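Below is one structure, written out as structure tokens; comments come after it.
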Amino acid sequence: MKGSLIWRAQRYSSLIIFTYFIYVAYFIFSSDIMSFDIWTNFALSAQLKIATSLIFMLLLLHAFIGLWTVGTDYLTTRTLGFLNRSLGRKAKLLRSLYYLLFALMGLLYTAVIIYTLWL
Amino acid sequence: MSSNTLEVSMYRYNPEQDKFPYMKKYSIEKPARDIMVLDLLHLLKEGDDSISYRRSCREGVCGSDGMNINGKNGLACITPISSVIKKDKIELRPLPGLPVIRDLVVDMTQFYAQYEKIKPFLQNDTTAPEQERLQSPEDRAKLDGLYECILCACCSTSCPSFWWNPDKFVGPAALLQAYRFLADTRDLETQNRLEELSDPFSVYRCHGIMNCVSACPKSLNPNKAIGEIKSMLLSNKKQVIASDGVR
């Protein structure tokens, strides 16, 4: 994978997420009257549900890139070896567990989004 | 301690004798005039000839005596003690992140391996002119702030990204040199050079911490060069090479 692709994915996803939240904030603050019904109609419209689903997937991608960077920076033989040599030797295993944990959290997160928005 | 005494705390490690490194304190009379840290080391070595450090030109050209002086990397030969002294104390350690051979001498193999990786030489397979490959003054000016690097490793060894991934991240010193050849209009291997640097670690592991800029004893800006390489990788412009070999 190219470094520039990862760089772009992280920056562009953050811009799109930012735009989405600005749009939602604009809806909330530009309405003279805000009620539960108005909010529900807005939030459960098909367009916004699709947009919200995409945004949360982008958030997942954005977070994964960030956490992958953290993992490859700080869960390495050298970094952990500074703390403890035997811990350093287990860096690869610890990094795999860290990614597994994040993958499981990502799956749970996706399930929650699908359940909340579409079921 | 009287104010006329200077306390030097120095990292000592001799793998043939010591199980672990340790800090050794030396007290020395304050020199009458402001001297360089390297001169201070010479004075200490007169009293303890087991102290090991690298030095050669003693004027900031060879880059041999890079070390960590009171927490900041620098060249001992061009660092006046007055600029680093804190409460009459100076702490000297080897460059961080590299294996210590002895005392202040580090093994720079990994650093040079990264330097070698960027192919630090002009690549141009067109027929060489009789005298030299000419550049316009504007093109030559693009190399200013790049070619002056003396490879002292002060920048790379102050970079956390290089500490954590010295085998994957090229590091600021070698990236400064990589850009020196990418910016050189006489070099024709721009695309291949960029391809070599396009993975997620070689360049993109730079997070813009800028320790390299702060540490560089020649006041160069590796961070700016890395930014330029990132821009080239992102735009990925194909270089148009004319038949005479000039871009």
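Labels used: A, B, ... for chains in the order of the structure tokens, numbers from 1 for residues in each chain, and numbers from 1 for ligands as shown.
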For chain A against chain B, which residues fall within 6 Å using only C-alpha atoms, given as JSON, numbers by chain?
{"A": [2, 3, 4, 73, 78, 79]}
I'd like the neighbourhood of region 108-112 of chain B as a PyMOL selection string, where a residue qualifies if any of its atoms comes within 9 Å (using only C-alpha atoms), though same-chain residues fewer than 3 positions away should be ignored.
chain B and resi 98-99+115-117+151+153+156-157+166-167+170-171+173-174
Give me a file of those residues, with N, CA and C atoms, as a PDB file, in the first residue's frame.
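Output file again38.pdb is given in full below:
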```pdb
ATOM      1  N   LEU B  98      20.596   4.911  19.170  1.00  0.00           N
ATOM      2  CA  LEU B  98      21.558   4.050  18.476  1.00  0.00           C
ATOM      3  C   LEU B  98      22.308   3.200  19.512  1.00  0.00           C
ATOM      4  N   PRO B  99      22.718   1.994  19.109  1.00  0.00           N
ATOM      5  CA  PRO B  99      23.439   1.142  20.074  1.00  0.00           C
ATOM      6  C   PRO B  99      24.754   1.800  20.498  1.00  0.00           C
ATOM      7  N   TYR B 115      20.858   5.954   4.892  1.00  0.00           N
ATOM      8  CA  TYR B 115      21.478   6.910   3.963  1.00  0.00           C
ATOM      9  C   TYR B 115      21.770   6.216   2.630  1.00  0.00           C
ATOM     10  N   GLU B 116      22.278   4.992   2.715  1.00  0.00           N
ATOM     11  CA  GLU B 116      22.600   4.227   1.505  1.00  0.00           C
ATOM     12  C   GLU B 116      21.337   3.937   0.689  1.00  0.00           C
ATOM     13  N   LYS B 117      20.238   3.723   1.434  1.00  0.00           N
ATOM     14  CA  LYS B 117      18.974   3.354   0.783  1.00  0.00           C
ATOM     15  C   LYS B 117      18.485   4.430  -0.205  1.00  0.00           C
ATOM     16  N   LEU B 151      25.918  14.912   7.950  1.00  0.00           N
ATOM     17  CA  LEU B 151      25.605  13.547   8.423  1.00  0.00           C
ATOM     18  C   LEU B 151      26.103  13.278   9.847  1.00  0.00           C
ATOM     19  N   ALA B 153      24.086  13.021  12.312  1.00  0.00           N
ATOM     20  CA  ALA B 153      23.012  12.190  12.893  1.00  0.00           C
ATOM     21  C   ALA B 153      22.304  12.838  14.078  1.00  0.00           C
ATOM     22  N   SER B 156      18.411  12.769  13.057  1.00  0.00           N
ATOM     23  CA  SER B 156      17.742  11.454  13.036  1.00  0.00           C
ATOM     24  C   SER B 156      17.642  10.847  14.427  1.00  0.00           C
ATOM     25  N   THR B 157      18.680  11.059  15.236  1.00  0.00           N
ATOM     26  CA  THR B 157      18.654  10.450  16.569  1.00  0.00           C
ATOM     27  C   THR B 157      17.859  11.279  17.581  1.00  0.00           C
ATOM     28  N   PRO B 166      13.709   2.460  13.141  1.00  0.00           N
ATOM     29  CA  PRO B 166      14.925   2.865  12.414  1.00  0.00           C
ATOM     30  C   PRO B 166      15.201   2.032  11.173  1.00  0.00           C
ATOM     31  N   ASP B 167      14.544   0.872  11.086  1.00  0.00           N
ATOM     32  CA  ASP B 167      14.754   0.023   9.914  1.00  0.00           C
ATOM     33  C   ASP B 167      13.787   0.370   8.782  1.00  0.00           C
ATOM     34  N   VAL B 170      13.121   6.292   6.997  1.00  0.00           N
ATOM     35  CA  VAL B 170      14.438   6.684   6.484  1.00  0.00           C
ATOM     36  C   VAL B 170      15.134   7.676   7.414  1.00  0.00           C
ATOM     37  N   GLY B 171      14.352   8.514   8.067  1.00  0.00           N
ATOM     38  CA  GLY B 171      14.937   9.475   9.014  1.00  0.00           C
ATOM     39  C   GLY B 171      15.243  10.813   8.353  1.00  0.00           C
ATOM     40  N   ALA B 173      17.804  12.946   8.318  1.00  0.00           N
ATOM     41  CA  ALA B 173      19.083  13.230   7.639  1.00  0.00           C
ATOM     42  C   ALA B 173      19.073  12.645   6.223  1.00  0.00           C
ATOM     43  N   ALA B 174      18.693  11.377   6.122  1.00  0.00           N
ATOM     44  CA  ALA B 174      18.697  10.739   4.799  1.00  0.00           C
ATOM     45  C   ALA B 174      17.602  11.318   3.905  1.00  0.00           C
TER      46      ALA B 174
END
```
So which residues touch Leu117 (chain A) within 12 Å, counting only C-alpha atoms, skipping near sequence neighbours fewer than 6 positions away, as a PyMOL selection string?
chain A and resi 40+43-54+56+110-111
For the residues in that selection, give me N, CA and C atoms as a JSON list (two decimals), in the first residue's frame.
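Once written, again_19.json looks like this:
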```json
[["chain", "number", "residue", "atom", "x", "y", "z"],
["A", 40, "THR", "N", -36.35, 14.05, 14.55],
["A", 40, "THR", "CA", -36.53, 12.66, 14.12],
["A", 40, "THR", "C", -36.74, 12.59, 12.60],
["A", 43, "ALA", "N", -33.31, 13.25, 11.08],
["A", 43, "ALA", "CA", -32.31, 12.20, 11.31],
["A", 43, "ALA", "C", -32.68, 10.88, 10.65],
["A", 44, "LEU", "N", -33.98, 10.62, 10.52],
["A", 44, "LEU", "CA", -34.38, 9.33, 9.95],
["A", 44, "LEU", "C", -34.75, 9.40, 8.47],
["A", 45, "SER", "N", -34.46, 10.55, 7.86],
["A", 45, "SER", "CA", -34.68, 10.61, 6.41],
["A", 45, "SER", "C", -33.66, 9.68, 5.74],
["A", 46, "ALA", "N", -34.09, 9.09, 4.61],
["A", 46, "ALA", "CA", -33.21, 8.09, 3.97],
["A", 46, "ALA", "C", -31.85, 8.69, 3.61],
["A", 47, "GLN", "N", -31.84, 9.94, 3.13],
["A", 47, "GLN", "CA", -30.57, 10.57, 2.73],
["A", 47, "GLN", "C", -29.62, 10.68, 3.92],
["A", 48, "LEU", "N", -30.19, 11.14, 5.05],
["A", 48, "LEU", "CA", -29.31, 11.35, 6.20],
["A", 48, "LEU", "C", -28.86, 10.01, 6.80],
["A", 49, "LYS", "N", -29.74, 9.00, 6.73],
["A", 49, "LYS", "CA", -29.33, 7.68, 7.25],
["A", 49, "LYS", "C", -28.16, 7.13, 6.43],
["A", 50, "ILE", "N", -28.27, 7.29, 5.11],
["A", 50, "ILE", "CA", -27.16, 6.82, 4.25],
["A", 50, "ILE", "C", -25.89, 7.62, 4.56],
["A", 51, "ALA", "N", -26.08, 8.96, 4.65],
["A", 51, "ALA", "CA", -24.92, 9.82, 4.93],
["A", 51, "ALA", "C", -24.31, 9.47, 6.28],
["A", 52, "THR", "N", -25.15, 9.27, 7.30],
["A", 52, "THR", "CA", -24.64, 8.95, 8.64],
["A", 52, "THR", "C", -23.90, 7.61, 8.64],
["A", 53, "SER", "N", -24.46, 6.63, 7.93],
["A", 53, "SER", "CA", -23.79, 5.32, 7.86],
["A", 53, "SER", "C", -22.41, 5.46, 7.22],
["A", 54, "LEU", "N", -22.36, 6.22, 6.10],
["A", 54, "LEU", "CA", -21.08, 6.41, 5.42],
["A", 54, "LEU", "C", -20.08, 7.15, 6.32],
["A", 56, "PHE", "N", -19.97, 7.25, 9.59],
["A", 56, "PHE", "CA", -19.45, 6.42, 10.67],
["A", 56, "PHE", "C", -18.48, 5.35, 10.16],
["A", 110, "THR", "N", -19.83, -1.34, 14.11],
["A", 110, "THR", "CA", -20.61, -1.43, 12.87],
["A", 110, "THR", "C", -21.99, -2.01, 13.16],
["A", 111, "ALA", "N", -22.04, -3.05, 14.01],
["A", 111, "ALA", "CA", -23.32, -3.67, 14.36],
["A", 111, "ALA", "C", -24.23, -2.66, 15.04]]
```
CA of Cys149 (chain B) to CA of Pro129 (chain B), straight-line distance in Å
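Interatomic distance, CA of Pro129 (chain B) to CA of Cys149 (chain B): 27.8 Å.
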Extract the full set of helix (DSSP H, G or I) residues from region 168-209 of chain B according to DSSP on the backbone, and format it as a ChimeraX atom specification.
/B:172-182,190-196
Put those residues in a file: N, CA and C atoms, as a tab-separated table (two decimals), in the first residue's frame.
```tsv
chain	number	residue	atom	x	y	z
B	172	PRO	N	15.24	11.88	9.16
B	172	PRO	CA	15.38	13.22	8.60
B	172	PRO	C	16.68	13.48	7.83
B	173	ALA	N	17.80	12.95	8.32
B	173	ALA	CA	19.08	13.23	7.64
B	173	ALA	C	19.07	12.65	6.22
B	174	ALA	N	18.69	11.38	6.12
B	174	ALA	CA	18.70	10.74	4.80
B	174	ALA	C	17.60	11.32	3.90
B	175	LEU	N	16.48	11.74	4.50
B	175	LEU	CA	15.41	12.33	3.68
B	175	LEU	C	15.82	13.71	3.16
B	176	LEU	N	16.58	14.43	3.96
B	176	LEU	CA	17.10	15.72	3.48
B	176	LEU	C	17.98	15.47	2.25
B	177	GLN	N	18.79	14.43	2.32
B	177	GLN	CA	19.65	14.09	1.18
B	177	GLN	C	18.84	13.54	0.01
B	178	ALA	N	17.77	12.80	0.33
B	178	ALA	CA	16.91	12.29	-0.74
B	178	ALA	C	16.33	13.47	-1.53
B	179	TYR	N	15.89	14.50	-0.80
B	179	TYR	CA	15.32	15.66	-1.49
B	179	TYR	C	16.40	16.45	-2.22
B	180	ARG	N	17.64	16.41	-1.69
B	180	ARG	CA	18.74	17.10	-2.37
B	180	ARG	C	18.89	16.57	-3.81
B	181	PHE	N	18.66	15.26	-4.00
B	181	PHE	CA	18.78	14.68	-5.34
B	181	PHE	C	17.47	14.77	-6.11
B	182	LEU	N	16.35	14.77	-5.40
B	182	LEU	CA	15.06	14.95	-6.08
B	182	LEU	C	14.97	16.37	-6.65
B	190	THR	N	14.17	10.69	-10.82
B	190	THR	CA	13.16	11.20	-9.88
B	190	THR	C	12.05	10.18	-9.63
B	191	GLN	N	11.51	9.61	-10.71
B	191	GLN	CA	10.40	8.67	-10.55
B	191	GLN	C	10.80	7.45	-9.73
B	192	ASN	N	11.95	6.91	-10.03
B	192	ASN	CA	12.42	5.74	-9.28
B	192	ASN	C	12.70	6.08	-7.82
B	193	ARG	N	13.26	7.26	-7.61
B	193	ARG	CA	13.54	7.69	-6.23
B	193	ARG	C	12.23	7.82	-5.45
B	194	LEU	N	11.22	8.42	-6.11
B	194	LEU	CA	9.93	8.59	-5.43
B	194	LEU	C	9.28	7.23	-5.16
B	195	GLU	N	9.42	6.33	-6.12
B	195	GLU	CA	8.84	4.99	-5.97
B	195	GLU	C	9.46	4.28	-4.75
B	196	GLU	N	10.75	4.45	-4.59
B	196	GLU	CA	11.46	3.83	-3.46
B	196	GLU	C	10.97	4.37	-2.11
```
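One finds CA of Cys212 (chain B) at 22.8 Å from CA of Gly71 (chain A).
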Taking the backbone alone, and naming residues the way the document does, which bits of region 64-121 of chain B are strand (DSSP E or B) by DSSP, as an MDAnalysis selection string?
chainID B and resid 66:69 72:75 80 86 89:93 100:102 105:106
Put those residues in a file: C-alpha atoms, as a PDB file, in the first residue's frame.
```pdb
ATOM      1  CA  GLY B  66      27.451  14.500  17.730  1.00  0.00           C
ATOM      2  CA  MET B  67      26.163  13.821  21.249  1.00  0.00           C
ATOM      3  CA  ASN B  68      23.363  14.640  23.615  1.00  0.00           C
ATOM      4  CA  ILE B  69      24.313  17.695  25.636  1.00  0.00           C
ATOM      5  CA  LYS B  72      19.628  18.235  23.285  1.00  0.00           C
ATOM      6  CA  ASN B  73      21.621  16.739  20.435  1.00  0.00           C
ATOM      7  CA  GLY B  74      24.452  18.834  19.077  1.00  0.00           C
ATOM      8  CA  LEU B  75      28.055  18.896  17.971  1.00  0.00           C
ATOM      9  CA  PRO B  80      29.982  26.617  23.818  1.00  0.00           C
ATOM     10  CA  LYS B  86      22.503  24.755  33.774  1.00  0.00           C
ATOM     11  CA  LYS B  89      26.038  21.304  35.548  1.00  0.00           C
ATOM     12  CA  ILE B  90      26.422  19.644  32.159  1.00  0.00           C
ATOM     13  CA  GLU B  91      25.104  16.210  31.297  1.00  0.00           C
ATOM     14  CA  LEU B  92      26.654  14.350  28.374  1.00  0.00           C
ATOM     15  CA  ARG B  93      25.066  11.297  26.828  1.00  0.00           C
ATOM     16  CA  VAL B 100      26.294   2.323  22.286  1.00  0.00           C
ATOM     17  CA  ILE B 101      29.724   0.936  21.476  1.00  0.00           C
ATOM     18  CA  ARG B 102      31.423   2.645  24.383  1.00  0.00           C
ATOM     19  CA  VAL B 105      30.538   6.422  20.848  1.00  0.00           C
ATOM     20  CA  VAL B 106      27.508   4.968  19.062  1.00  0.00           C
TER      21      VAL B 106
END
```
So how many Å separate CA of Ser50 (chain B) and CA of Met36 (chain B), to one decimal?
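So the answer is 20.3 Å.
Neighbouring residues of Glu29 (chain B) at 9 Å or closer, counting only C-alpha atoms and skipping chain neighbours under 4 positions away, are Asn4, Thr5, Leu6 and Glu7 of chain B.
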Gly66 (chain A): which residues within 12 Å, counting only C-alpha atoms, same-chain residues fewer than 2 positions away excluded, as a ChimeraX atom specification?
/A:6-7,9-11,13-14,59-64,68-73,99,102 /B:205,207
Output for the residues just chosen: N, CA and C atoms as a CSV table (one decimal), in the first residue's frame:
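The resulting selection-v2.csv:
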```
chain,number,residue,atom,x,y,z
A,6,ILE,N,-2.7,6.2,2.1
A,6,ILE,CA,-3.1,6.3,3.5
A,6,ILE,C,-3.2,7.7,4.0
A,7,TRP,N,-2.3,8.5,3.6
A,7,TRP,CA,-2.2,10.0,4.0
A,7,TRP,C,-3.5,10.6,3.5
A,9,ALA,N,-6.4,9.1,2.6
A,9,ALA,CA,-7.6,8.6,3.2
A,9,ALA,C,-7.8,9.2,4.6
A,10,GLN,N,-6.7,9.4,5.3
A,10,GLN,CA,-6.9,10.0,6.7
A,10,GLN,C,-7.4,11.5,6.6
A,11,ARG,N,-6.7,12.2,5.7
A,11,ARG,CA,-7.1,13.7,5.6
A,11,ARG,C,-8.4,13.9,5.0
A,13,SER,N,-11.0,11.8,4.8
A,13,SER,CA,-12.0,11.3,5.6
A,13,SER,C,-12.3,12.3,6.7
A,14,SER,N,-11.3,12.9,7.3
A,14,SER,CA,-11.5,13.9,8.3
A,14,SER,C,-12.3,15.1,7.8
A,59,LEU,N,-15.4,7.3,9.8
A,59,LEU,CA,-14.8,7.5,11.1
A,59,LEU,C,-14.0,6.2,11.6
A,60,LEU,N,-14.6,5.1,11.2
A,60,LEU,CA,-13.9,3.8,11.5
A,60,LEU,C,-12.6,3.7,10.8
A,61,LEU,N,-12.6,4.1,9.5
A,61,LEU,CA,-11.4,4.0,8.7
A,61,LEU,C,-10.4,5.0,9.3
A,62,HIS,N,-10.8,6.2,9.6
A,62,HIS,CA,-9.9,7.3,10.1
A,62,HIS,C,-9.3,6.8,11.4
A,63,ALA,N,-10.1,6.2,12.3
A,63,ALA,CA,-9.6,5.7,13.6
A,63,ALA,C,-8.6,4.6,13.4
A,64,PHE,N,-8.9,3.7,12.4
A,64,PHE,CA,-8.1,2.6,12.2
A,64,PHE,C,-6.7,3.0,11.7
A,68,TRP,N,-3.5,2.2,13.8
A,68,TRP,CA,-2.5,1.4,13.2
A,68,TRP,C,-1.1,2.2,13.3
A,69,THR,N,-1.2,3.5,13.1
A,69,THR,CA,0.1,4.3,13.3
A,69,THR,C,0.6,4.2,14.7
A,70,VAL,N,-0.3,4.3,15.7
A,70,VAL,CA,0.1,4.2,17.1
A,70,VAL,C,0.7,2.9,17.4
A,71,GLY,N,0.0,1.8,16.8
A,71,GLY,CA,0.5,0.4,17.1
A,71,GLY,C,1.9,0.2,16.5
A,72,THR,N,2.1,0.7,15.2
A,72,THR,CA,3.4,0.5,14.6
A,72,THR,C,4.5,1.4,15.1
A,73,ASP,N,4.1,2.5,15.8
A,73,ASP,CA,5.1,3.3,16.5
A,73,ASP,C,5.4,2.8,17.9
A,99,TYR,N,-4.5,-5.2,17.4
A,99,TYR,CA,-5.3,-5.1,16.1
A,99,TYR,C,-6.6,-5.9,16.2
A,102,PHE,N,-9.0,-4.1,18.2
A,102,PHE,CA,-9.6,-3.0,17.5
A,102,PHE,C,-10.6,-3.6,16.4
B,205,ARG,N,6.2,8.2,7.8
B,205,ARG,CA,6.2,8.0,9.3
B,205,ARG,C,6.7,9.3,10.0
B,207,HIS,N,6.0,12.6,11.5
B,207,HIS,CA,4.7,13.2,12.0
B,207,HIS,C,4.9,14.7,12.3
```
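Comparing B:Leu104, B:Ile209, B:Ala76, B:Cys62 by their smallest distance to Leu40 (chain B), the closest is B:Ala76 (using only C-alpha atoms).
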